[in-house]
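Novice: CSV, C-alpha atoms and all ligand atoms, file final-v3.csv:
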```csv
chain,number,residue,atom,x,y,z
A,26,MET,CA,-23.4,-14.2,2.1
A,27,PRO,CA,-20.2,-16.0,3.3
A,28,PRO,CA,-17.0,-15.1,1.5
A,29,SER,CA,-16.1,-17.6,-1.2
A,30,PHE,CA,-12.6,-18.2,-2.2
A,31,ASN,CA,-11.2,-20.2,-5.1
A,32,ASP,CA,-7.9,-21.3,-6.4
A,33,ASP,CA,-5.3,-18.8,-7.7
A,34,SER,CA,-6.1,-19.5,-11.3
A,35,GLY,CA,-8.0,-16.3,-12.0
A,36,ASN,CA,-11.6,-16.9,-11.0
A,37,LEU,CA,-14.1,-14.5,-9.4
A,38,VAL,CA,-14.0,-13.9,-5.7
A,39,GLN,CA,-17.0,-13.0,-3.6
A,40,LEU,CA,-16.7,-11.0,-0.4
A,41,HIS,CA,-19.7,-9.7,1.6
A,42,GLY,CA,-21.8,-10.1,-1.5
A,43,LEU,CA,-19.5,-8.1,-3.8
A,44,ARG,CA,-17.8,-9.7,-6.7
A,45,PHE,CA,-14.2,-9.2,-7.6
A,46,ALA,CA,-12.4,-10.2,-10.8
A,47,PRO,CA,-8.6,-10.8,-11.2
A,48,LEU,CA,-6.5,-7.8,-11.9
A,49,PHE,CA,-2.9,-8.9,-11.2
A,50,SER,CA,-1.8,-12.5,-10.5
A,51,GLU,CA,0.4,-13.6,-7.7
A,52,ALA,CA,3.2,-14.0,-10.2
A,53,GLN,CA,2.8,-10.5,-11.6
A,54,VAL,CA,2.8,-9.1,-8.1
A,55,ARG,CA,5.9,-11.0,-7.1
A,56,HIS,CA,7.8,-9.9,-10.2
A,57,ARG,CA,7.0,-6.2,-9.7
A,58,VAL,CA,7.8,-6.2,-6.0
A,59,ARG,CA,11.2,-7.7,-6.8
A,60,GLU,CA,11.8,-4.9,-9.3
A,61,LEU,CA,10.9,-2.3,-6.7
A,62,GLY,CA,13.2,-3.9,-4.2
A,63,ALA,CA,16.1,-3.9,-6.7
A,64,LEU,CA,15.5,-0.2,-7.4
A,65,LEU,CA,15.5,0.7,-3.7
A,66,THR,CA,18.6,-1.4,-3.1
A,67,GLU,CA,20.4,0.5,-5.8
A,68,ARG,CA,19.5,3.8,-4.2
A,69,TYR,CA,19.7,3.0,-0.5
A,70,ALA,CA,22.3,0.2,-0.1
A,71,ASP,CA,24.6,2.4,2.0
A,72,GLU,CA,22.0,4.4,3.9
A,73,CYS,CA,20.4,1.8,6.3
A,74,PRO,CA,16.9,3.2,5.5
A,75,LEU,CA,14.0,3.0,7.8
A,76,PHE,CA,10.9,1.5,6.0
A,77,ILE,CA,7.7,2.9,7.5
A,78,SER,CA,4.8,0.6,6.6
A,79,ILE,CA,1.3,2.1,6.9
A,80,LEU,CA,-1.0,-0.4,8.5
A,81,SER,CA,-3.0,-2.3,8.0
A,82,GLY,CA,-3.2,-2.5,4.2
A,83,ALA,CA,0.6,-2.3,3.4
A,84,PHE,CA,1.7,-5.1,5.7
A,85,VAL,CA,1.8,-7.8,3.0
A,86,PHE,CA,3.5,-5.5,0.5
A,87,ALA,CA,6.0,-4.3,3.1
A,88,ALA,CA,6.8,-7.8,4.2
A,89,ASP,CA,7.8,-8.7,0.6
A,90,LEU,CA,9.4,-5.4,-0.2
A,91,ILE,CA,11.8,-5.5,2.7
A,92,ARG,CA,12.9,-9.0,1.7
A,93,ALA,CA,13.5,-7.8,-1.8
A,94,PHE,CA,15.7,-5.1,-0.4
A,95,GLN,CA,19.2,-6.5,-0.4
A,96,ALA,CA,21.0,-4.4,2.2
A,97,PRO,CA,20.7,-3.5,5.9
A,98,CYS,CA,17.5,-1.6,6.8
A,99,GLU,CA,15.1,-1.1,9.7
A,100,VAL,CA,11.3,-1.4,9.7
A,101,SER,CA,8.6,0.5,11.6
A,102,PHE,CA,4.8,0.7,11.5
A,103,VAL,CA,2.2,3.3,11.7
A,104,LYS,CA,-1.6,3.0,11.6
A,105,LEU,CA,-3.6,5.7,9.9
A,106,SER,CA,-7.2,5.4,8.8
A,107,SER,CA,-9.5,7.2,6.4
A,108,TYR,CA,-11.7,4.3,5.2
A,109,SER,CA,-14.8,2.6,6.3
A,110,GLY,CA,-16.1,-0.2,4.1
A,111,ALA,CA,-15.7,0.7,0.4
A,112,LYS,CA,-16.0,4.5,0.9
A,113,SER,CA,-13.5,7.1,2.2
A,114,THR,CA,-14.7,8.8,5.4
A,115,GLY,CA,-12.7,11.9,4.4
A,116,GLN,CA,-10.9,12.0,7.8
A,117,VAL,CA,-7.4,10.9,8.4
A,118,GLN,CA,-6.6,9.9,12.0
A,119,THR,CA,-3.3,8.6,13.4
A,120,VAL,CA,-4.3,5.5,15.3
A,121,MET,CA,-0.9,4.2,16.2
A,122,GLY,CA,2.3,6.2,16.1
A,123,ILE,CA,6.0,5.4,15.4
A,124,ASP,CA,8.5,5.1,18.3
A,125,ALA,CA,11.8,5.2,16.3
A,126,PRO,CA,13.6,8.6,16.1
A,127,LEU,CA,13.2,9.9,12.6
A,128,GLU,CA,15.6,12.9,12.5
A,129,GLY,CA,18.5,12.4,10.2
A,130,ARG,CA,17.1,9.0,8.9
A,131,HIS,CA,16.5,8.0,5.4
A,132,LEU,CA,12.8,7.2,5.4
A,133,ILE,CA,10.9,5.0,2.9
A,134,VAL,CA,7.2,5.2,3.4
A,135,VAL,CA,5.4,2.0,2.2
A,136,GLU,CA,1.7,2.5,1.3
A,137,ASP,CA,-0.7,-0.1,-0.1
A,138,ILE,CA,-2.7,2.2,-2.4
A,139,VAL,CA,-2.9,5.9,-3.1
A,140,ASP,CA,-6.6,6.7,-3.8
A,141,THR,CA,-7.2,10.4,-3.2
A,142,GLY,CA,-3.7,10.9,-1.7
A,143,ARG,CA,-5.2,12.3,1.5
A,144,THR,CA,-3.6,9.8,3.8
A,145,LEU,CA,-0.2,10.2,2.4
A,146,HIS,CA,-0.4,14.0,2.1
A,147,PHE,CA,-1.1,14.1,5.8
A,148,PHE,CA,1.5,11.6,6.8
A,149,LEU,CA,4.3,13.0,4.7
A,150,GLU,CA,3.7,16.5,6.2
A,151,TYR,CA,4.1,14.9,9.6
A,152,LEU,CA,7.3,13.1,8.6
A,153,ARG,CA,8.9,16.2,7.0
A,154,ALA,CA,8.5,18.0,10.2
A,155,GLN,CA,10.7,15.4,11.9
A,156,ARG,CA,13.6,16.5,9.8
A,157,PRO,CA,14.6,13.2,8.1
A,158,ALA,CA,17.8,13.0,6.0
A,159,SER,CA,15.6,12.0,3.1
A,160,LEU,CA,12.0,10.9,2.4
A,161,CYS,CA,10.5,8.8,-0.4
A,162,THR,CA,7.3,6.9,-0.9
A,163,VAL,CA,6.6,3.5,-2.4
A,164,ALA,CA,3.0,2.7,-3.2
A,165,PHE,CA,2.0,-0.7,-4.3
A,166,LEU,CA,-1.1,0.6,-6.3
A,167,ARG,CA,-2.1,4.1,-7.4
A,168,LYS,CA,-5.5,5.2,-8.7
A,169,PRO,CA,-6.1,8.1,-11.2
A,170,THR,CA,-7.9,10.0,-8.3
A,171,ALA,CA,-4.5,10.3,-6.7
A,172,ALA,CA,-4.3,13.7,-8.2
A,173,ILE,CA,-6.9,15.1,-5.8
A,174,PHE,CA,-4.2,15.5,-3.1
A,175,PRO,CA,-1.0,15.8,-5.1
A,176,VAL,CA,1.7,13.9,-3.3
A,177,ALA,CA,5.1,12.7,-4.6
A,178,VAL,CA,5.1,9.0,-5.0
A,179,GLU,CA,8.5,8.1,-6.3
A,180,TYR,CA,7.9,4.3,-6.7
A,181,VAL,CA,4.6,2.8,-7.9
A,182,GLY,CA,3.9,-0.9,-8.3
A,183,PHE,CA,1.0,-0.5,-10.6
A,184,ASP,CA,-1.3,2.3,-11.8
A,185,ILE,CA,-4.8,1.0,-11.8
A,186,PRO,CA,-8.3,2.1,-12.9
A,187,ASP,CA,-10.6,3.9,-10.4
A,188,ARG,CA,-12.1,0.7,-9.1
A,189,PHE,CA,-12.2,-0.7,-5.6
A,190,VAL,CA,-9.7,-3.5,-5.3
A,191,VAL,CA,-8.8,-6.2,-2.7
A,192,GLY,CA,-6.0,-8.7,-2.2
A,193,TYR,CA,-2.3,-8.6,-1.3
A,194,GLY,CA,-3.1,-6.8,2.0
A,195,LEU,CA,-6.1,-4.7,0.8
A,196,ASP,CA,-9.5,-5.5,2.2
A,197,TYR,CA,-13.2,-5.0,1.8
A,198,ASP,CA,-14.7,-4.7,5.2
A,199,GLY,CA,-12.0,-6.9,6.7
A,200,LEU,CA,-12.0,-9.6,4.0
A,201,GLY,CA,-9.7,-10.3,1.1
A,202,ARG,CA,-6.3,-9.3,2.6
A,203,ASN,CA,-5.0,-12.8,2.3
A,204,LEU,CA,-5.6,-13.2,-1.4
A,205,PRO,CA,-2.2,-13.5,-3.0
A,206,GLY,CA,-3.1,-11.5,-6.2
A,207,VAL,CA,-5.1,-8.3,-6.7
A,208,TYR,CA,-8.9,-8.3,-7.6
A,209,GLN,CA,-11.1,-5.5,-8.8
A,210,GLN,CA,-14.8,-5.0,-8.0
A,211,THR,CA,-17.0,-6.0,-10.9
A,212,GLU,CA,-20.3,-4.5,-9.9
A,213,VAL,CA,-21.5,-1.7,-7.6
A,214,GLU,CA,-24.4,-2.5,-5.3
A,301,LIG,P1,-6.5,7.9,0.3
A,301,LIG,O1,-6.2,8.6,1.6
A,301,LIG,O2,-7.8,8.4,-0.3
A,301,LIG,O3,-5.3,7.9,-0.7
A,301,LIG,O4,-6.8,6.4,0.7
A,301,LIG,C1,-5.7,5.5,1.0
A,301,LIG,C2,-6.2,4.4,1.9
A,301,LIG,O5,-7.6,4.0,1.6
A,301,LIG,C3,-5.4,3.2,1.5
A,301,LIG,O6,-4.2,3.1,2.3
A,301,LIG,C4,-6.3,2.0,1.7
A,301,LIG,O7,-6.2,1.5,3.0
A,301,LIG,C5,-7.7,2.6,1.5
A,301,LIG,N1,-8.2,2.3,0.1
A,301,LIG,C6,-8.2,3.2,-1.0
A,301,LIG,N2,-8.7,2.6,-2.1
A,301,LIG,C7,-8.9,1.3,-1.7
A,301,LIG,C8,-9.3,0.1,-2.5
A,301,LIG,O8,-9.6,0.2,-3.7
A,301,LIG,N3,-9.4,-1.0,-1.8
A,301,LIG,C9,-9.1,-1.1,-0.4
A,301,LIG,N4,-8.7,-0.1,0.3
A,301,LIG,C10,-8.6,1.1,-0.4
```
Turn the structure described in the file into structure tokens.
Specialist:
Amino acid sequence: MPPSFNDDSGNLVQLHGLRFAPLFSEAQVRHRVRELGALLTERYADECPLFISILSGAFVFAADLIRAFQAPCEVSFVKLSSYSGAKSTGQVQTVMGIDAPLEGRHLIVVEDIVDTGRTLHFFLEYLRAQRPASLCTVAFLRKPTAAIFPVAVEYVGFDIPDRFVVGYGLDYDGLGRNLPGVYQQTEVE
């Protein structure tokens, strides 16, 4: 079945035959991301932090978050993966590393969603070993299952139910990343 999109007025979206209902509108997302940007600006204004965006899912969130950060900063990207379709594979692999030196830097990890926490747990361990000046994590979304791998996430956009979600960078088998709001799955097939 082809993906069907609609306007941004809160209708259902269908991707690869799964249906998704609105969870957060574009306006709600924009508002929350600006709040997070303001909090980070307050804390890091004089530190020239390095934002590390975890690809692919966090690219939309990171793009908005760094523009809501009102002070000098740098940005880097890392690609990790633990998902295939709508199920976690249970494996975390580094696919693409970071080239910037991390020692002595103030690092802000930008993640799209913390599900089990496995991805972050793995990545934060790696970053700690690089001896940064400080390390904090910002996740756009967090599920209740995040407790499986306890990781410190200092800033969370929204805590959400344990449902598969798409939009604002998050995909279902490649589709849905360009939806401006967040949608949750309505039925399991
Ligand atoms: P974790 O390692 O189990 O915390 O999984 C984190 C990664 O899985 C995220 O960075 C996402 O890329 C992906 N993921 C987890 N839950 C969802 C979801 O509901 N929709 C889309 N991707 C998800």
Novice: Counting all atoms listed in the file, what is within 8 Å of Leu204 of chain A, bar same-chain residues fewer than 2 positions away, as JSON, numbers by chain?
Specialist: {"A": [191, 192, 193, 194, 201, 202, 206, 207]}
Novice: Would you please work out which residue, of A:Val38, A:Ile185, A:Ala83, A:Leu48, is nearest to Lys168 of chain A when using only C-alpha atoms?
Specialist: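 Answer, going by the shortest atom-to-atom distance: A:Ile185.
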Novice: Please, what distance in Å, to one decimal, runs between atom O3 of ligand LIG 301 (chain A) and atom CA of Gly129 of chain A?
Specialist: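 Going from atom O3 of ligand LIG 301 (chain A) over to atom CA of Gly129 of chain A covers 26.6 Å.
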Novice: What's the 12 Å shell around Pro97 of chain A, counting all atoms listed in the file, without same-chain residues fewer than 6 positions away, as a list in words?
Specialist: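 In the requested form, the answer reads Leu65, Thr66, Tyr69, Ala70, Asp71, Glu72, Cys73, Pro74, Leu75, Phe76 and Ile91 of chain A.
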Novice: Would you save the residues from that selection as a PDB file, in the coordinates of the input, using C-alpha atoms?
Specialist:
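selection11.pdb, freshly written:
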```pdb
ATOM      1  CA  LEU A  65      15.500   0.700  -3.700  1.00  0.00           C
ATOM      2  CA  THR A  66      18.600  -1.400  -3.100  1.00  0.00           C
ATOM      3  CA  TYR A  69      19.700   3.000  -0.500  1.00  0.00           C
ATOM      4  CA  ALA A  70      22.300   0.200  -0.100  1.00  0.00           C
ATOM      5  CA  ASP A  71      24.600   2.400   2.000  1.00  0.00           C
ATOM      6  CA  GLU A  72      22.000   4.400   3.900  1.00  0.00           C
ATOM      7  CA  CYS A  73      20.400   1.800   6.300  1.00  0.00           C
ATOM      8  CA  PRO A  74      16.900   3.200   5.500  1.00  0.00           C
ATOM      9  CA  LEU A  75      14.000   3.000   7.800  1.00  0.00           C
ATOM     10  CA  PHE A  76      10.900   1.500   6.000  1.00  0.00           C
ATOM     11  CA  ILE A  91      11.800  -5.500   2.700  1.00  0.00           C
TER      12      ILE A  91
END
```
Novice: Considering only C-alpha atoms and all ligand atoms, state which residue in the set A:Cys161, A:Leu64, A:Val178, A:Val100 is at the smallest distance from ligand LIG 301 (chain A).
Specialist: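 Checking each of A:Cys161, A:Leu64, A:Val178, A:Val100 against ligand LIG 301 (chain A), counting only C-alpha atoms and all ligand atoms, the winner is A:Val178.
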Novice: Let me make sure I understand: among A:Arg59, A:Arg167, A:His131, A:Arg153, which one has the smallest atom-to-atom distance to Phe189 of chain A if we use all atoms listed in the file?
Specialist: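 For Phe189 of chain A, the nearest of the candidates is A:Arg167.
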Novice: Using all atoms listed in the file, which of A:Phe94, A:Tyr151, A:Tyr180, A:Phe84 sits nearest ligand LIG 301 (chain A)?
Specialist: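 Of A:Phe94, A:Tyr151, A:Tyr180, A:Phe84, the one nearest ligand LIG 301 (chain A) is A:Phe84, counting all atoms listed in the file.
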Novice: For atom CA of Asn203 of chain A and atom CA of Glu51 of chain A, determine how far apart the two atoms are, in Å to one decimal place.
Specialist: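 These two atoms are separated by 11.4 Å.
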Novice: Determine the nearest neighbour of ligand LIG 301 (chain A) from the options A:Val103, A:Val176, A:Leu145, A:Leu200, counting all atoms listed in the file.
Specialist: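 Ranking A:Val103, A:Val176, A:Leu145, A:Leu200 by distance to ligand LIG 301 (chain A), first place goes to A:Leu145.
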Novice: Of the residues A:Val139, A:Pro175, A:Asn36, A:Pro157, which is the one nearest to Phe49 of chain A, using all atoms listed in the file?
Specialist: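 Checking each of A:Val139, A:Pro175, A:Asn36, A:Pro157 against Phe49 of chain A, counting all atoms listed in the file, the winner is A:Asn36.
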Novice: Complete the atoms of segment 78-92 of chain A to N, CA, C and O atoms and put them out as an mmCIF file, in the frame of the given file.
Specialist:
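File produced: selection.cif:
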```
data_model
loop_
_atom_site.group_PDB
_atom_site.id
_atom_site.type_symbol
_atom_site.label_atom_id
_atom_site.label_comp_id
_atom_site.auth_asym_id
_atom_site.auth_seq_id
_atom_site.Cartn_x
_atom_site.Cartn_y
_atom_site.Cartn_z
ATOM 1 N N SER A 78 5.966 1.249 7.295
ATOM 2 C CA SER A 78 4.800 0.600 6.600
ATOM 3 C C SER A 78 3.533 1.140 7.246
ATOM 4 O O SER A 78 3.349 1.161 8.456
ATOM 5 N N ILE A 79 2.634 1.595 6.388
ATOM 6 C CA ILE A 79 1.300 2.100 6.900
ATOM 7 C C ILE A 79 0.378 0.922 7.005
ATOM 8 O O ILE A 79 0.070 0.228 6.040
ATOM 9 N N LEU A 80 -0.054 0.702 8.233
ATOM 10 C CA LEU A 80 -1.000 -0.400 8.500
ATOM 11 C C LEU A 80 -2.410 0.021 8.265
ATOM 12 O O LEU A 80 -2.714 1.207 8.325
ATOM 13 N N SER A 81 -3.332 -0.862 8.031
ATOM 14 C CA SER A 81 -3.000 -2.300 8.000
ATOM 15 C C SER A 81 -2.701 -2.725 6.551
ATOM 16 O O SER A 81 -1.964 -3.698 6.361
ATOM 17 N N GLY A 82 -3.222 -2.015 5.542
ATOM 18 C CA GLY A 82 -3.200 -2.500 4.200
ATOM 19 C C GLY A 82 -1.809 -2.846 3.623
ATOM 20 O O GLY A 82 -1.659 -3.738 2.788
ATOM 21 N N ALA A 83 -0.761 -2.124 4.077
ATOM 22 C CA ALA A 83 0.600 -2.300 3.400
ATOM 23 C C ALA A 83 1.380 -3.413 4.060
ATOM 24 O O ALA A 83 2.518 -3.630 3.650
ATOM 25 N N PHE A 84 0.816 -4.136 5.020
ATOM 26 C CA PHE A 84 1.700 -5.100 5.700
ATOM 27 C C PHE A 84 2.180 -6.231 4.829
ATOM 28 O O PHE A 84 3.314 -6.675 4.966
ATOM 29 N N VAL A 85 1.365 -6.668 3.887
ATOM 30 C CA VAL A 85 1.800 -7.800 3.000
ATOM 31 C C VAL A 85 2.857 -7.239 2.027
ATOM 32 O O VAL A 85 3.922 -7.847 1.852
ATOM 33 N N PHE A 86 2.572 -6.094 1.423
ATOM 34 C CA PHE A 86 3.500 -5.500 0.500
ATOM 35 C C PHE A 86 4.840 -5.190 1.192
ATOM 36 O O PHE A 86 5.928 -5.507 0.681
ATOM 37 N N ALA A 87 4.773 -4.606 2.390
ATOM 38 C CA ALA A 87 6.000 -4.300 3.100
ATOM 39 C C ALA A 87 6.817 -5.502 3.435
ATOM 40 O O ALA A 87 8.049 -5.490 3.310
ATOM 41 N N ALA A 88 6.127 -6.574 3.819
ATOM 42 C CA ALA A 88 6.800 -7.800 4.200
ATOM 43 C C ALA A 88 7.634 -8.336 2.981
ATOM 44 O O ALA A 88 8.778 -8.786 3.121
ATOM 45 N N ASP A 89 7.046 -8.268 1.801
ATOM 46 C CA ASP A 89 7.800 -8.700 0.600
ATOM 47 C C ASP A 89 8.807 -7.733 0.154
ATOM 48 O O ASP A 89 9.895 -8.110 -0.286
ATOM 49 N N LEU A 90 8.471 -6.443 0.249
ATOM 50 C CA LEU A 90 9.400 -5.400 -0.200
ATOM 51 C C LEU A 90 10.694 -5.394 0.578
ATOM 52 O O LEU A 90 11.784 -5.298 0.004
ATOM 53 N N ILE A 91 10.603 -5.511 1.894
ATOM 54 C CA ILE A 91 11.800 -5.500 2.700
ATOM 55 C C ILE A 91 12.706 -6.706 2.417
ATOM 56 O O ILE A 91 13.924 -6.645 2.498
ATOM 57 N N ARG A 92 12.056 -7.807 2.050
ATOM 58 C CA ARG A 92 12.900 -9.000 1.700
ATOM 59 C C ARG A 92 13.439 -8.925 0.334
ATOM 60 O O ARG A 92 14.385 -9.625 0.005
#
```
